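Trainee: Structure file data_8.cif (mmCIF, C-alpha atoms) is given on the next line.
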data_my_file
loop_
_atom_site.group_PDB
_atom_site.id
_atom_site.type_symbol
_atom_site.label_atom_id
_atom_site.label_comp_id
_atom_site.auth_asym_id
_atom_site.auth_seq_id
_atom_site.Cartn_x
_atom_site.Cartn_y
_atom_site.Cartn_z
ATOM 1 C CA MET A 1 112.764 132.973 -53.001
ATOM 2 C CA THR A 2 114.046 133.534 -49.475
ATOM 3 C CA ARG A 3 114.370 136.990 -47.978
ATOM 4 C CA ARG A 4 116.371 137.865 -44.910
ATOM 5 C CA PHE A 5 114.453 139.444 -42.018
ATOM 6 C CA ASP A 6 116.383 140.597 -38.989
ATOM 7 C CA ALA A 7 114.601 140.024 -35.693
ATOM 8 C CA PRO A 8 114.234 143.184 -33.542
ATOM 9 C CA THR A 9 116.919 142.056 -31.101
ATOM 10 C CA THR A 10 119.582 139.648 -32.270
ATOM 11 C CA ALA A 11 121.487 137.288 -30.033
ATOM 12 C CA PRO A 12 124.965 138.219 -28.737
ATOM 13 C CA PRO A 13 128.011 136.516 -30.293
ATOM 14 C CA ARG A 14 128.404 132.897 -29.227
ATOM 15 C CA LYS A 15 131.461 131.621 -27.402
ATOM 16 C CA PRO A 16 134.050 129.553 -29.325
ATOM 17 C CA GLY A 17 132.926 125.970 -29.639
ATOM 18 C CA GLN A 18 129.225 126.773 -29.424
ATOM 19 C CA ASP A 19 127.107 125.685 -32.359
ATOM 20 C CA ARG A 20 125.331 128.432 -34.249
ATOM 21 C CA PRO A 21 121.546 127.907 -34.142
ATOM 22 C CA ARG A 22 119.956 126.755 -37.348
ATOM 23 C CA ALA A 23 118.261 129.397 -39.456
ATOM 24 C CA THR A 24 114.516 129.710 -38.911
ATOM 25 C CA THR A 25 111.901 130.959 -41.323
ATOM 26 C CA PHE A 26 108.302 132.032 -41.681
ATOM 27 C CA THR A 27 106.210 132.460 -44.795
ATOM 28 C CA ALA A 28 104.156 135.574 -45.536
ATOM 29 C CA PHE A 29 102.911 137.107 -48.781
ATOM 30 C CA GLY A 30 104.052 133.955 -50.540
ATOM 31 C CA LEU A 31 107.686 134.528 -49.544
ATOM 32 C CA ALA A 32 109.861 132.641 -47.065
ATOM 33 C CA SER A 33 111.746 135.016 -44.763
ATOM 34 C CA GLU A 34 114.801 133.951 -42.789
ATOM 35 C CA THR A 35 115.259 135.324 -39.273
ATOM 36 C CA GLU A 36 118.247 135.891 -37.021
ATOM 37 C CA PRO A 37 118.416 134.244 -33.553
ATOM 38 C CA LEU A 38 116.707 136.149 -30.743
ATOM 39 C CA SER A 39 118.489 137.468 -27.690
ATOM 40 C CA PRO A 40 117.900 135.306 -24.585
ATOM 41 C CA GLY A 41 114.873 136.145 -22.463
ATOM 42 C CA LEU A 42 111.097 136.075 -22.446
ATOM 43 C CA HIS A 43 109.405 137.679 -25.452
ATOM 44 C CA ILE A 44 105.732 138.572 -24.874
ATOM 45 C CA VAL A 45 104.050 138.364 -28.276
ATOM 46 C CA ALA A 46 100.619 139.723 -29.219
ATOM 47 C CA THR A 47 98.738 137.560 -31.720
ATOM 48 C CA PRO A 48 95.550 138.115 -33.790
ATOM 49 C CA ILE A 49 92.189 138.239 -32.007
ATOM 50 C CA GLY A 50 90.508 136.639 -35.009
ATOM 51 C CA ASN A 51 91.830 137.598 -38.423
ATOM 52 C CA LEU A 52 95.180 135.846 -38.894
ATOM 53 C CA ARG A 53 96.383 138.640 -41.200
ATOM 54 C CA ASP A 54 96.496 141.050 -38.249
ATOM 55 C CA ILE A 55 99.792 139.650 -36.950
ATOM 56 C CA THR A 56 102.890 141.845 -37.251
ATOM 57 C CA ILE A 57 106.042 140.951 -39.166
ATOM 58 C CA ARG A 58 108.019 141.367 -35.947
ATOM 59 C CA ALA A 59 105.737 138.903 -34.146
ATOM 60 C CA LEU A 60 106.228 136.332 -36.924
ATOM 61 C CA ALA A 61 110.006 136.750 -36.768
ATOM 62 C CA THR A 62 109.970 136.357 -32.996
ATOM 63 C CA LEU A 63 107.796 133.231 -33.051
ATOM 64 C CA ALA A 64 109.948 131.679 -35.771
ATOM 65 C CA ALA A 65 113.252 132.430 -34.046
ATOM 66 C CA ALA A 66 112.263 131.466 -30.478
ATOM 67 C CA ASP A 67 113.522 128.228 -28.953
ATOM 68 C CA ALA A 68 109.922 127.470 -27.913
ATOM 69 C CA VAL A 69 106.513 129.140 -27.835
ATOM 70 C CA LEU A 70 104.596 129.050 -24.541
ATOM 71 C CA ALA A 71 100.932 128.811 -25.506
ATOM 72 C CA GLU A 72 97.695 129.018 -23.520
ATOM 73 C CA ASP A 73 96.184 126.354 -25.789
ATOM 74 C CA THR A 74 98.703 124.655 -28.050
ATOM 75 C CA ARG A 75 95.964 123.637 -30.503
ATOM 76 C CA VAL A 76 94.981 127.260 -31.108
ATOM 77 C CA THR A 77 98.547 128.484 -31.466
ATOM 78 C CA ARG A 78 99.504 125.555 -33.693
ATOM 79 C CA THR A 79 96.932 126.751 -36.231
ATOM 80 C CA LEU A 80 98.518 130.211 -36.274
ATOM 81 C CA LEU A 81 102.065 128.890 -36.614
ATOM 82 C CA ALA A 82 101.095 126.441 -39.354
ATOM 83 C CA HIS A 83 99.425 129.257 -41.323
ATOM 84 C CA TYR A 84 102.782 131.048 -41.515
ATOM 85 C CA GLY A 85 104.982 127.973 -41.907
ATOM 86 C CA ILE A 86 106.532 128.250 -38.443
ATOM 87 C CA THR A 87 107.790 125.021 -36.866
ATOM 88 C CA THR A 88 108.925 126.286 -33.438
ATOM 89 C CA PRO A 89 108.151 123.752 -30.656
ATOM 90 C CA LEU A 90 105.074 124.490 -28.540
ATOM 91 C CA LEU A 91 104.834 124.219 -24.752
ATOM 92 C CA ALA A 92 101.630 124.593 -22.741
ATOM 93 C CA TYR A 93 101.439 127.478 -20.283
ATOM 94 C CA HIS A 94 97.984 128.350 -18.935
ATOM 95 C CA GLU A 95 96.116 129.474 -15.810
ATOM 96 C CA HIS A 96 96.572 126.068 -14.165
ATOM 97 C CA SER A 97 100.353 125.987 -14.647
ATOM 98 C CA ASN A 98 102.028 125.779 -11.237
ATOM 99 C CA ASP A 99 105.272 126.996 -9.694
ATOM 100 C CA ALA A 100 107.127 123.924 -10.906
ATOM 101 C CA VAL A 101 106.252 124.766 -14.522
ATOM 102 C CA ARG A 102 107.402 128.347 -14.049
ATOM 103 C CA GLU A 103 110.646 127.160 -12.469
ATOM 104 C CA ARG A 104 111.335 125.007 -15.529
ATOM 105 C CA MET A 105 110.707 127.962 -17.827
ATOM 106 C CA VAL A 106 112.982 130.214 -15.774
ATOM 107 C CA SER A 107 115.695 127.528 -15.834
ATOM 108 C CA ARG A 108 115.540 127.396 -19.613
ATOM 109 C CA LEU A 109 115.788 131.167 -19.790
ATOM 110 C CA ARG A 110 118.762 131.173 -17.417
ATOM 111 C CA ALA A 111 120.433 128.682 -19.742
ATOM 112 C CA GLY A 112 120.275 131.296 -22.494
ATOM 113 C CA GLU A 113 117.123 130.334 -24.362
ATOM 114 C CA ALA A 114 114.680 132.734 -25.974
ATOM 115 C CA LEU A 115 111.055 131.843 -25.179
ATOM 116 C CA ALA A 116 107.972 133.475 -26.699
ATOM 117 C CA LEU A 117 104.802 133.788 -24.593
ATOM 118 C CA VAL A 118 101.435 134.029 -26.371
ATOM 119 C CA SER A 119 97.786 133.764 -25.350
ATOM 120 C CA ASP A 120 95.000 132.258 -27.449
ATOM 121 C CA ALA A 121 94.317 135.681 -28.937
ATOM 122 C CA GLY A 122 95.443 139.262 -28.473
ATOM 123 C CA THR A 123 97.973 140.637 -26.033
ATOM 124 C CA PRO A 124 99.116 138.208 -23.304
ATOM 125 C CA LEU A 125 98.357 138.973 -19.631
ATOM 126 C CA VAL A 126 95.213 141.047 -20.453
ATOM 127 C CA SER A 127 92.601 138.786 -18.802
ATOM 128 C CA ASP A 128 94.894 135.910 -19.783
ATOM 129 C CA PRO A 129 97.527 133.884 -17.891
ATOM 130 C CA GLY A 130 101.128 134.977 -17.834
ATOM 131 C CA TYR A 131 101.483 137.524 -15.033
ATOM 132 C CA LYS A 132 103.044 135.076 -12.563
ATOM 133 C CA LEU A 133 105.543 133.897 -15.149
ATOM 134 C CA VAL A 134 106.530 137.452 -16.065
ATOM 135 C CA GLN A 135 106.905 138.248 -12.372
ATOM 136 C CA ALA A 136 109.142 135.208 -11.842
ATOM 137 C CA VAL A 137 111.269 136.077 -14.864
ATOM 138 C CA ILE A 138 111.747 139.663 -13.681
ATOM 139 C CA GLU A 139 112.672 138.484 -10.181
ATOM 140 C CA ALA A 140 115.278 136.198 -11.759
ATOM 141 C CA GLY A 141 116.838 139.198 -13.496
ATOM 142 C CA ILE A 142 116.037 137.888 -16.977
ATOM 143 C CA PRO A 143 115.136 140.345 -19.777
ATOM 144 C CA ILE A 144 111.513 140.821 -20.844
ATOM 145 C CA THR A 145 110.805 141.974 -24.406
ATOM 146 C CA PRO A 146 107.250 143.057 -25.358
ATOM 147 C CA VAL A 147 106.226 142.542 -28.985
ATOM 148 C CA PRO A 148 103.047 144.658 -29.335
ATOM 149 C CA GLY A 149 100.135 143.998 -31.626
ATOM 150 C CA PRO A 150 96.401 143.190 -31.593
ATOM 151 C CA SER A 151 94.276 143.815 -28.494
ATOM 152 C CA ALA A 152 90.553 143.186 -28.109
ATOM 153 C CA VAL A 153 90.393 146.041 -25.581
ATOM 154 C CA MET A 154 91.756 148.665 -27.953
ATOM 155 C CA THR A 155 89.945 147.306 -31.006
ATOM 156 C CA ALA A 156 86.554 147.504 -29.288
ATOM 157 C CA LEU A 157 87.301 150.866 -27.722
ATOM 158 C CA VAL A 158 88.111 152.644 -30.972
ATOM 159 C CA ALA A 159 85.077 151.155 -32.740
ATOM 160 C CA ALA A 160 82.489 151.937 -30.052
ATOM 161 C CA GLY A 161 82.172 155.640 -30.801
ATOM 162 C CA LEU A 162 82.649 156.629 -27.149
ATOM 163 C CA PRO A 163 85.366 158.855 -25.623
ATOM 164 C CA THR A 164 88.820 157.264 -25.673
ATOM 165 C CA ASP A 165 90.828 159.941 -23.860
ATOM 166 C CA ARG A 166 90.278 158.186 -20.534
ATOM 167 C CA PHE A 167 89.120 154.605 -20.018
ATOM 168 C CA PHE A 168 89.103 151.888 -17.365
ATOM 169 C CA PHE A 169 89.530 148.203 -18.202
ATOM 170 C CA GLU A 170 87.499 146.092 -15.789
ATOM 171 C CA GLY A 171 87.721 142.715 -17.528
ATOM 172 C CA PHE A 172 85.141 140.122 -16.468
ATOM 173 C CA LEU A 173 82.559 141.025 -13.832
ATOM 174 C CA PRO A 174 81.645 138.457 -11.130
ATOM 175 C CA GLN A 175 79.370 135.661 -12.325
ATOM 176 C CA LYS A 176 76.810 135.859 -9.490
ATOM 177 C CA ALA A 177 74.217 138.619 -9.705
ATOM 178 C CA GLY A 178 74.761 140.049 -6.216
ATOM 179 C CA ALA A 179 78.518 140.271 -6.543
ATOM 180 C CA ARG A 180 78.162 141.637 -10.066
ATOM 181 C CA ARG A 181 75.900 144.474 -8.911
ATOM 182 C CA ASN A 182 78.227 145.293 -6.034
ATOM 183 C CA ARG A 183 81.138 145.565 -8.435
ATOM 184 C CA LEU A 184 79.112 147.755 -10.811
ATOM 185 C CA GLU A 185 78.272 150.064 -7.920
ATOM 186 C CA ALA A 186 82.003 150.447 -7.294
ATOM 187 C CA LEU A 187 82.416 151.518 -10.931
ATOM 188 C CA ILE A 188 79.757 154.245 -10.834
ATOM 189 C CA GLN A 189 82.210 157.030 -10.086
ATOM 190 C CA ILE A 190 84.902 156.030 -12.610
ATOM 191 C CA PRO A 191 85.395 159.219 -14.686
ATOM 192 C CA GLY A 192 86.020 157.457 -17.989
ATOM 193 C CA THR A 193 84.761 154.908 -20.488
ATOM 194 C CA LEU A 194 84.421 151.378 -19.092
ATOM 195 C CA VAL A 195 85.708 148.336 -21.000
ATOM 196 C CA LEU A 196 84.414 144.908 -19.963
ATOM 197 C CA PHE A 197 84.690 141.337 -21.201
ATOM 198 C CA GLU A 198 81.676 139.059 -20.871
ATOM 199 C CA SER A 199 80.696 135.505 -21.708
ATOM 200 C CA PRO A 200 77.938 135.358 -24.341
ATOM 201 C CA HIS A 201 75.506 133.399 -22.163
ATOM 202 C CA ARG A 202 75.778 135.963 -19.335
ATOM 203 C CA LEU A 203 75.533 139.069 -21.523
ATOM 204 C CA PRO A 204 71.749 139.692 -21.188
ATOM 205 C CA GLU A 205 71.899 139.477 -17.381
ATOM 206 C CA MET A 206 75.005 141.657 -17.202
ATOM 207 C CA LEU A 207 73.456 144.360 -19.383
ATOM 208 C CA ALA A 208 70.293 144.339 -17.262
ATOM 209 C CA ASP A 209 72.363 144.779 -14.084
ATOM 210 C CA ALA A 210 74.497 147.492 -15.688
ATOM 211 C CA ALA A 211 71.409 149.415 -16.769
ATOM 212 C CA ALA A 212 69.911 149.121 -13.279
ATOM 213 C CA VAL A 213 73.072 150.149 -11.427
ATOM 214 C CA LEU A 214 74.800 152.577 -13.800
ATOM 215 C CA GLY A 215 71.626 154.000 -15.306
ATOM 216 C CA PRO A 216 69.682 153.059 -18.456
ATOM 217 C CA ASN A 217 70.664 156.225 -20.333
ATOM 218 C CA ARG A 218 74.399 155.682 -20.402
ATOM 219 C CA PRO A 219 75.694 155.233 -23.963
ATOM 220 C CA ALA A 220 77.198 151.819 -24.611
ATOM 221 C CA ALA A 221 78.272 149.377 -27.293
ATOM 222 C CA VAL A 222 78.389 145.601 -27.524
ATOM 223 C CA THR A 223 81.058 144.341 -29.892
ATOM 224 C CA ARG A 224 81.088 140.739 -31.070
ATOM 225 C CA GLU A 225 83.586 138.638 -33.027
ATOM 226 C CA LEU A 226 85.874 141.597 -33.739
ATOM 227 C CA THR A 227 88.044 141.205 -36.882
ATOM 228 C CA LYS A 228 86.202 137.978 -37.756
ATOM 229 C CA LEU A 229 83.677 137.162 -40.480
ATOM 230 C CA TYR A 230 80.594 137.904 -38.367
ATOM 231 C CA GLU A 231 81.902 141.030 -36.644
ATOM 232 C CA THR A 232 79.041 143.122 -35.270
ATOM 233 C CA ILE A 233 78.944 146.344 -33.252
ATOM 234 C CA ARG A 234 75.691 147.419 -31.616
ATOM 235 C CA ARG A 235 75.564 150.960 -30.225
ATOM 236 C CA ASP A 236 72.728 152.202 -28.001
ATOM 237 C CA THR A 237 72.040 153.138 -24.403
ATOM 238 C CA LEU A 238 72.483 150.524 -21.700
ATOM 239 C CA GLY A 239 68.702 150.345 -21.390
ATOM 240 C CA GLY A 240 68.273 149.856 -25.143
ATOM 241 C CA LEU A 241 70.949 147.182 -25.355
ATOM 242 C CA SER A 242 69.533 145.418 -22.316
ATOM 243 C CA GLU A 243 66.096 145.237 -23.931
ATOM 244 C CA ARG A 244 67.516 144.119 -27.266
ATOM 245 C CA PHE A 245 69.553 141.221 -25.857
ATOM 246 C CA ALA A 246 66.729 140.251 -23.485
ATOM 247 C CA GLU A 247 64.581 139.732 -26.583
ATOM 248 C CA ASP A 248 67.249 138.231 -28.865
ATOM 249 C CA GLY A 249 68.884 136.034 -26.234
ATOM 250 C CA PRO A 250 72.601 135.372 -25.757
ATOM 251 C CA PRO A 251 74.756 135.952 -28.855
ATOM 252 C CA LYS A 252 77.604 133.744 -30.030
ATOM 253 C CA GLY A 253 81.307 134.555 -30.088
ATOM 254 C CA GLU A 254 83.746 136.747 -28.183
ATOM 255 C CA ILE A 255 82.156 139.784 -26.511
ATOM 256 C CA VAL A 256 83.571 143.156 -25.425
ATOM 257 C CA VAL A 257 81.227 145.721 -23.841
ATOM 258 C CA ILE A 258 82.021 149.445 -23.832
ATOM 259 C CA ILE A 259 80.096 151.753 -21.478
ATOM 260 C CA GLY A 260 80.298 155.536 -21.514
ATOM 261 C CA ALA A 261 81.216 157.476 -18.382
ATOM 262 C CA ALA A 262 78.601 159.159 -16.226
ATOM 263 C CA THR A 263 78.243 162.879 -16.827
ATOM 264 C CA ALA A 264 79.496 165.302 -14.174
ATOM 265 C CA VAL A 265 75.891 165.951 -13.115
ATOM 266 C CA GLU A 266 75.210 162.221 -12.798
ATOM 267 C CA ARG A 267 78.411 161.624 -10.837
ATOM 268 C CA ASN A 268 77.598 164.449 -8.435
ATOM 269 C CA ALA A 269 74.046 163.177 -7.941
ATOM 270 C CA GLU A 270 75.227 159.611 -7.416
ATOM 271 C CA GLY A 271 77.903 160.811 -5.019
ATOM 272 C CA ASP A 272 75.386 162.814 -2.985
ATOM 273 C CA GLU A 273 73.038 159.825 -2.797
ATOM 274 C CA ALA A 274 75.855 157.537 -1.647
ATOM 275 C CA LEU A 275 76.962 160.060 0.995
ATOM 276 C CA ASP A 276 73.397 160.484 2.265
ATOM 277 C CA ALA A 277 72.967 156.720 2.533
ATOM 278 C CA LEU A 278 76.123 156.403 4.644
ATOM 279 C CA LEU A 279 75.090 159.306 6.865
ATOM 280 C CA ARG A 280 71.582 157.936 7.447
ATOM 281 C CA THR A 281 73.051 154.641 8.611
ATOM 282 C CA ALA A 282 75.556 156.376 10.885
ATOM 283 C CA LEU A 283 72.919 158.746 12.349
ATOM 284 C CA GLU A 284 70.875 155.776 13.538
ATOM 285 C CA ARG A 285 73.560 155.007 16.131
ATOM 286 C CA HIS A 286 75.610 158.171 16.573
ATOM 287 C CA SER A 287 75.264 161.887 17.191
ATOM 288 C CA ILE A 288 75.478 164.270 14.231
ATOM 289 C CA LYS A 289 79.075 165.154 15.053
ATOM 290 C CA ASP A 290 80.213 161.552 15.507
ATOM 291 C CA ALA A 291 78.302 160.342 12.426
ATOM 292 C CA ALA A 292 79.867 163.056 10.285
ATOM 293 C CA SER A 293 83.320 162.213 11.610
ATOM 294 C CA LEU A 294 82.929 158.501 10.887
ATOM 295 C CA VAL A 295 81.638 159.046 7.339
ATOM 296 C CA ALA A 296 84.327 161.628 6.588
ATOM 297 C CA ASP A 297 86.984 159.123 7.630
ATOM 298 C CA GLU A 298 85.374 156.413 5.501
ATOM 299 C CA THR A 299 84.925 158.505 2.338
ATOM 300 C CA GLY A 300 87.864 160.857 2.598
ATOM 301 C CA GLN A 301 85.604 163.875 2.066
ATOM 302 C CA PRO A 302 86.127 167.148 4.014
ATOM 303 C CA ARG A 303 84.719 166.942 7.553
ATOM 304 C CA ARG A 304 83.047 170.343 7.275
ATOM 305 C CA LEU A 305 81.189 169.317 4.099
ATOM 306 C CA VAL A 306 80.078 166.010 5.625
ATOM 307 C CA TYR A 307 78.999 167.679 8.893
ATOM 308 C CA THR A 308 76.927 170.249 6.984
ATOM 309 C CA ARG A 309 75.220 167.461 5.038
ATOM 310 C CA ALA A 310 74.617 165.414 8.210
ATOM 311 C CA LEU A 311 73.080 168.443 9.911
ATOM 312 C CA ALA A 312 70.768 169.045 6.957
ATOM 313 C CA LEU A 313 69.660 165.411 6.922
ATOM 314 C CA ALA A 314 69.011 165.380 10.657
ATOM 315 C CA ARG A 315 66.840 168.490 10.398
ATOM 316 C CA SER A 316 64.888 167.325 7.343
ATOM 317 C CA GLU A 317 64.225 163.833 8.684
ATOM 318 C CA GLY A 318 64.023 164.623 12.394
#
Would you give me this structure, written as structure tokens?
Mentor:
Amino acid sequence: MTRRFDAPTTAPPRKPGQDRPRATTFTAFGLASETEPLSPGLHIVATPIGNLRDITIRALATLAAADAVLAEDTRVTRTLLAHYGITTPLLAYHEHSNDAVRERMVSRLRAGEALALVSDAGTPLVSDPGYKLVQAVIEAGIPITPVPGPSAVMTALVAAGLPTDRFFFEGFLPQKAGARRNRLEALIQIPGTLVLFESPHRLPEMLADAAAVLGPNRPAAVTRELTKLYETIRRDTLGGLSERFAEDGPPKGEIVVIIGAATAVERNAEGDEALDALLRTALERHSIKDAASLVADETGQPRRLVYTRALALARSEG
């Protein structure tokens, strides 16, 4: 049995003499569904982060009706398409794709094709290639159509048990310890839940650095293999998680780390410590007035507040 499924945006009428595209189908729930042609442009399609059943019907219709699917790794995407009986041609588009590749894609779009962009898993462009292509397509005046769906960021966030009203997605931290700690220090004052990706083999070191820089008592969660067979979610403080993974060693699979925000008291204390450190350095070379002025310019804090703090430091340490 074949059922008709209209794609979200159908193609405009074709000019006389143009051939009508062949019908395309996908198979779900044991039924073959026929789609309508897509409108020309780049369609950004979210795909499952693990469980193949998490894909949307709209995503399947888009992938089936596209002239080609641009995939980060064609082997990964081929498995997904085969699972749903989709035979759309695959083209490689990844982080090493150059301007020439993008120019070819834009040329195809200008010619009236509908191309679907996917990553290996989840929503494209979120710590995945695709931004430069989207930018080039927009600059060329070609339509962009987002087809929303699974996201590792949102899946981990809602399962962590930490506040979701305000969050900051950091992605991957630097690989080297010094740079990683410097970046974590820059995140201290973020007034929301932090979302990070991390490679399994670096997770123990990252958690140790996060506990040292952000504080061992911050609530956190390490999520692994979300939506897959061995999905696990470990919730604890940063200190507790750091100790646990130091003992257990690196886990396997895809990792998302969620870290709770500092409390208002912690942020104020950390801010005062950072201000004092800047003032102490400035006071070594400048007068109280000049030091306060320099630090106020650097931090953006009120000059009167900074001067009062500089005066107090000078008196207590003089």
Trainee: Need the shell around Pro124 (chain A): protein/DNA/RNA residues with any atom at most 12 Å away, counting all atoms listed in the file. Skip same-chain ones fewer than 3 positions apart. Format as a PDB file with C-alpha atoms, keeping the file's coordinate frame?
Mentor:
ATOM      1  CA  HIS A  43     109.405 137.679 -25.452  1.00  0.00           C
ATOM      2  CA  ILE A  44     105.732 138.572 -24.874  1.00  0.00           C
ATOM      3  CA  VAL A  45     104.050 138.364 -28.276  1.00  0.00           C
ATOM      4  CA  ALA A  46     100.619 139.723 -29.219  1.00  0.00           C
ATOM      5  CA  THR A  47      98.738 137.560 -31.720  1.00  0.00           C
ATOM      6  CA  PRO A  48      95.550 138.115 -33.790  1.00  0.00           C
ATOM      7  CA  ILE A  49      92.189 138.239 -32.007  1.00  0.00           C
ATOM      8  CA  LEU A  70     104.596 129.050 -24.541  1.00  0.00           C
ATOM      9  CA  ALA A  71     100.932 128.811 -25.506  1.00  0.00           C
ATOM     10  CA  GLU A  72      97.695 129.018 -23.520  1.00  0.00           C
ATOM     11  CA  TYR A  93     101.439 127.478 -20.283  1.00  0.00           C
ATOM     12  CA  HIS A  94      97.984 128.350 -18.935  1.00  0.00           C
ATOM     13  CA  GLU A  95      96.116 129.474 -15.810  1.00  0.00           C
ATOM     14  CA  ALA A 116     107.972 133.475 -26.699  1.00  0.00           C
ATOM     15  CA  LEU A 117     104.802 133.788 -24.593  1.00  0.00           C
ATOM     16  CA  VAL A 118     101.435 134.029 -26.371  1.00  0.00           C
ATOM     17  CA  SER A 119      97.786 133.764 -25.350  1.00  0.00           C
ATOM     18  CA  ASP A 120      95.000 132.258 -27.449  1.00  0.00           C
ATOM     19  CA  ALA A 121      94.317 135.681 -28.937  1.00  0.00           C
ATOM     20  CA  SER A 127      92.601 138.786 -18.802  1.00  0.00           C
ATOM     21  CA  ASP A 128      94.894 135.910 -19.783  1.00  0.00           C
ATOM     22  CA  PRO A 129      97.527 133.884 -17.891  1.00  0.00           C
ATOM     23  CA  GLY A 130     101.128 134.977 -17.834  1.00  0.00           C
ATOM     24  CA  TYR A 131     101.483 137.524 -15.033  1.00  0.00           C
ATOM     25  CA  LYS A 132     103.044 135.076 -12.563  1.00  0.00           C
ATOM     26  CA  LEU A 133     105.543 133.897 -15.149  1.00  0.00           C
ATOM     27  CA  VAL A 134     106.530 137.452 -16.065  1.00  0.00           C
ATOM     28  CA  PRO A 146     107.250 143.057 -25.358  1.00  0.00           C
ATOM     29  CA  VAL A 147     106.226 142.542 -28.985  1.00  0.00           C
ATOM     30  CA  PRO A 148     103.047 144.658 -29.335  1.00  0.00           C
ATOM     31  CA  GLY A 149     100.135 143.998 -31.626  1.00  0.00           C
ATOM     32  CA  PRO A 150      96.401 143.190 -31.593  1.00  0.00           C
ATOM     33  CA  SER A 151      94.276 143.815 -28.494  1.00  0.00           C
ATOM     34  CA  ALA A 152      90.553 143.186 -28.109  1.00  0.00           C
ATOM     35  CA  VAL A 153      90.393 146.041 -25.581  1.00  0.00           C
TER      36      VAL A 153
END
Trainee: So which one's closest to Ile86 (chain A), A:Thr62, A:Thr237, A:Thr25, A:Gln189? Using all atoms listed in the file, please.
Mentor: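 Smallest separation from Ile86 (chain A) among the options: A:Thr25.
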Trainee: Taking the file as I've supplied it (selection: the PyMOL selection byres ((chain A and resi 161) around 10)), which residues are included? Please answer as number ranges by chain.
Mentor: A: 156-160, 162-164, 219-221, 235, 258, 260
Trainee: Hey, can you check how far CA of Ile138 (chain A) sits from CA of Val106 (chain A)?
Mentor: 9.8 Å
Trainee: Specify as a list of chain:residue names each residue included when the PyMOL selection byres ((chain A and resi 227) around 8) is applied to this file.
Mentor: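 So the PyMOL selection byres ((chain A and resi 227) around 8) ends up selecting A:Ile49, A:Gly50, A:Asn51, A:Glu225, A:Leu226, A:Lys228, A:Leu229, A:Glu231.
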Trainee: Check the smallest atom-to-atom distance from each of A:Leu311, A:Met105, A:Ala92, A:Leu187 to Ser287 (chain A) using all atoms listed in the file, then report the winner.
Mentor: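 That would be A:Leu311, the residue with the smallest distance to Ser287 (chain A).
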Trainee: Measuring atom to atom with all atoms listed in the file, identify which of A:Tyr307, A:Phe26, A:Phe168, A:Phe245 is nearest to Ala65 (chain A).
Mentor: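 Ranked by minimum distance to Ala65 (chain A), first place goes to A:Phe26.
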Trainee: Kindly give the distance, in Å, that separates CA of Arg315 (chain A) and CA of Leu279 (chain A), rounded to a single decimal.
Mentor: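 Going from CA of Arg315 (chain A) over to CA of Leu279 (chain A), I get 12.8 Å.
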Trainee: Mind listing as number ranges by chain all residues within 10 Å of (73.6, 166.1, 4.3), counting all atoms listed in the file?
Mentor: A: 272-273, 275-277, 279-280, 292, 305-316
Trainee: So the first atom is CA of Thr145 (chain A) and the second is CA of Arg108 (chain A); what is the distance between them in Å, to one decimal place?
Mentor: 16.1 Å
Trainee: Once the PyMOL selection byres ((chain A and resi 192) around 6) has been evaluated on this model, what residues remain selected, and can you format them as a list in words?
Mentor: Arg166, Phe167, Ile190, Pro191, Thr193 and Ala261 of chain A
Trainee: For each of A:Ile57, A:Met206, A:Leu90, A:Val126, take the minimum atom-to-atom distance to Lys176 (chain A), counting only C-alpha atoms, then give the residue where this is smallest.
Mentor: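 Smallest distance to Lys176 (chain A) is found for A:Met206.
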Trainee: So that I can look at just that part, could you write region 197-218 of chain A with C-alpha atoms, as a PDB file, in the first residue's frame?
Mentor:
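out-v4.pdb written:
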ATOM      1  CA  PHE A 197      30.598  18.250  24.495  1.00  0.00           C
ATOM      2  CA  GLU A 198      33.656  16.169  25.331  1.00  0.00           C
ATOM      3  CA  SER A 199      35.603  13.270  23.881  1.00  0.00           C
ATOM      4  CA  PRO A 200      35.430  10.171  26.100  1.00  0.00           C
ATOM      5  CA  HIS A 201      39.198   9.880  26.556  1.00  0.00           C
ATOM      6  CA  ARG A 202      39.457  13.500  27.770  1.00  0.00           C
ATOM      7  CA  LEU A 203      36.448  13.406  30.100  1.00  0.00           C
ATOM      8  CA  PRO A 204      38.300  12.594  33.375  1.00  0.00           C
ATOM      9  CA  GLU A 205      40.800  15.427  32.839  1.00  0.00           C
ATOM     10  CA  MET A 206      38.077  17.878  31.831  1.00  0.00           C
ATOM     11  CA  LEU A 207      35.979  17.093  34.904  1.00  0.00           C
ATOM     12  CA  ALA A 208      39.018  17.523  37.159  1.00  0.00           C
ATOM     13  CA  ASP A 209      39.741  20.938  35.615  1.00  0.00           C
ATOM     14  CA  ALA A 210      36.081  21.960  35.825  1.00  0.00           C
ATOM     15  CA  ALA A 211      35.932  21.023  39.500  1.00  0.00           C
ATOM     16  CA  ALA A 212      39.134  22.963  40.202  1.00  0.00           C
ATOM     17  CA  VAL A 213      38.103  26.090  38.293  1.00  0.00           C
ATOM     18  CA  LEU A 214      34.316  26.224  38.691  1.00  0.00           C
ATOM     19  CA  GLY A 215      34.216  24.666  42.146  1.00  0.00           C
ATOM     20  CA  PRO A 216      33.724  21.050  43.272  1.00  0.00           C
ATOM     21  CA  ASN A 217      30.239  21.679  44.676  1.00  0.00           C
ATOM     22  CA  ARG A 218      28.538  22.718  41.469  1.00  0.00           C
TER      23      ARG A 218
END
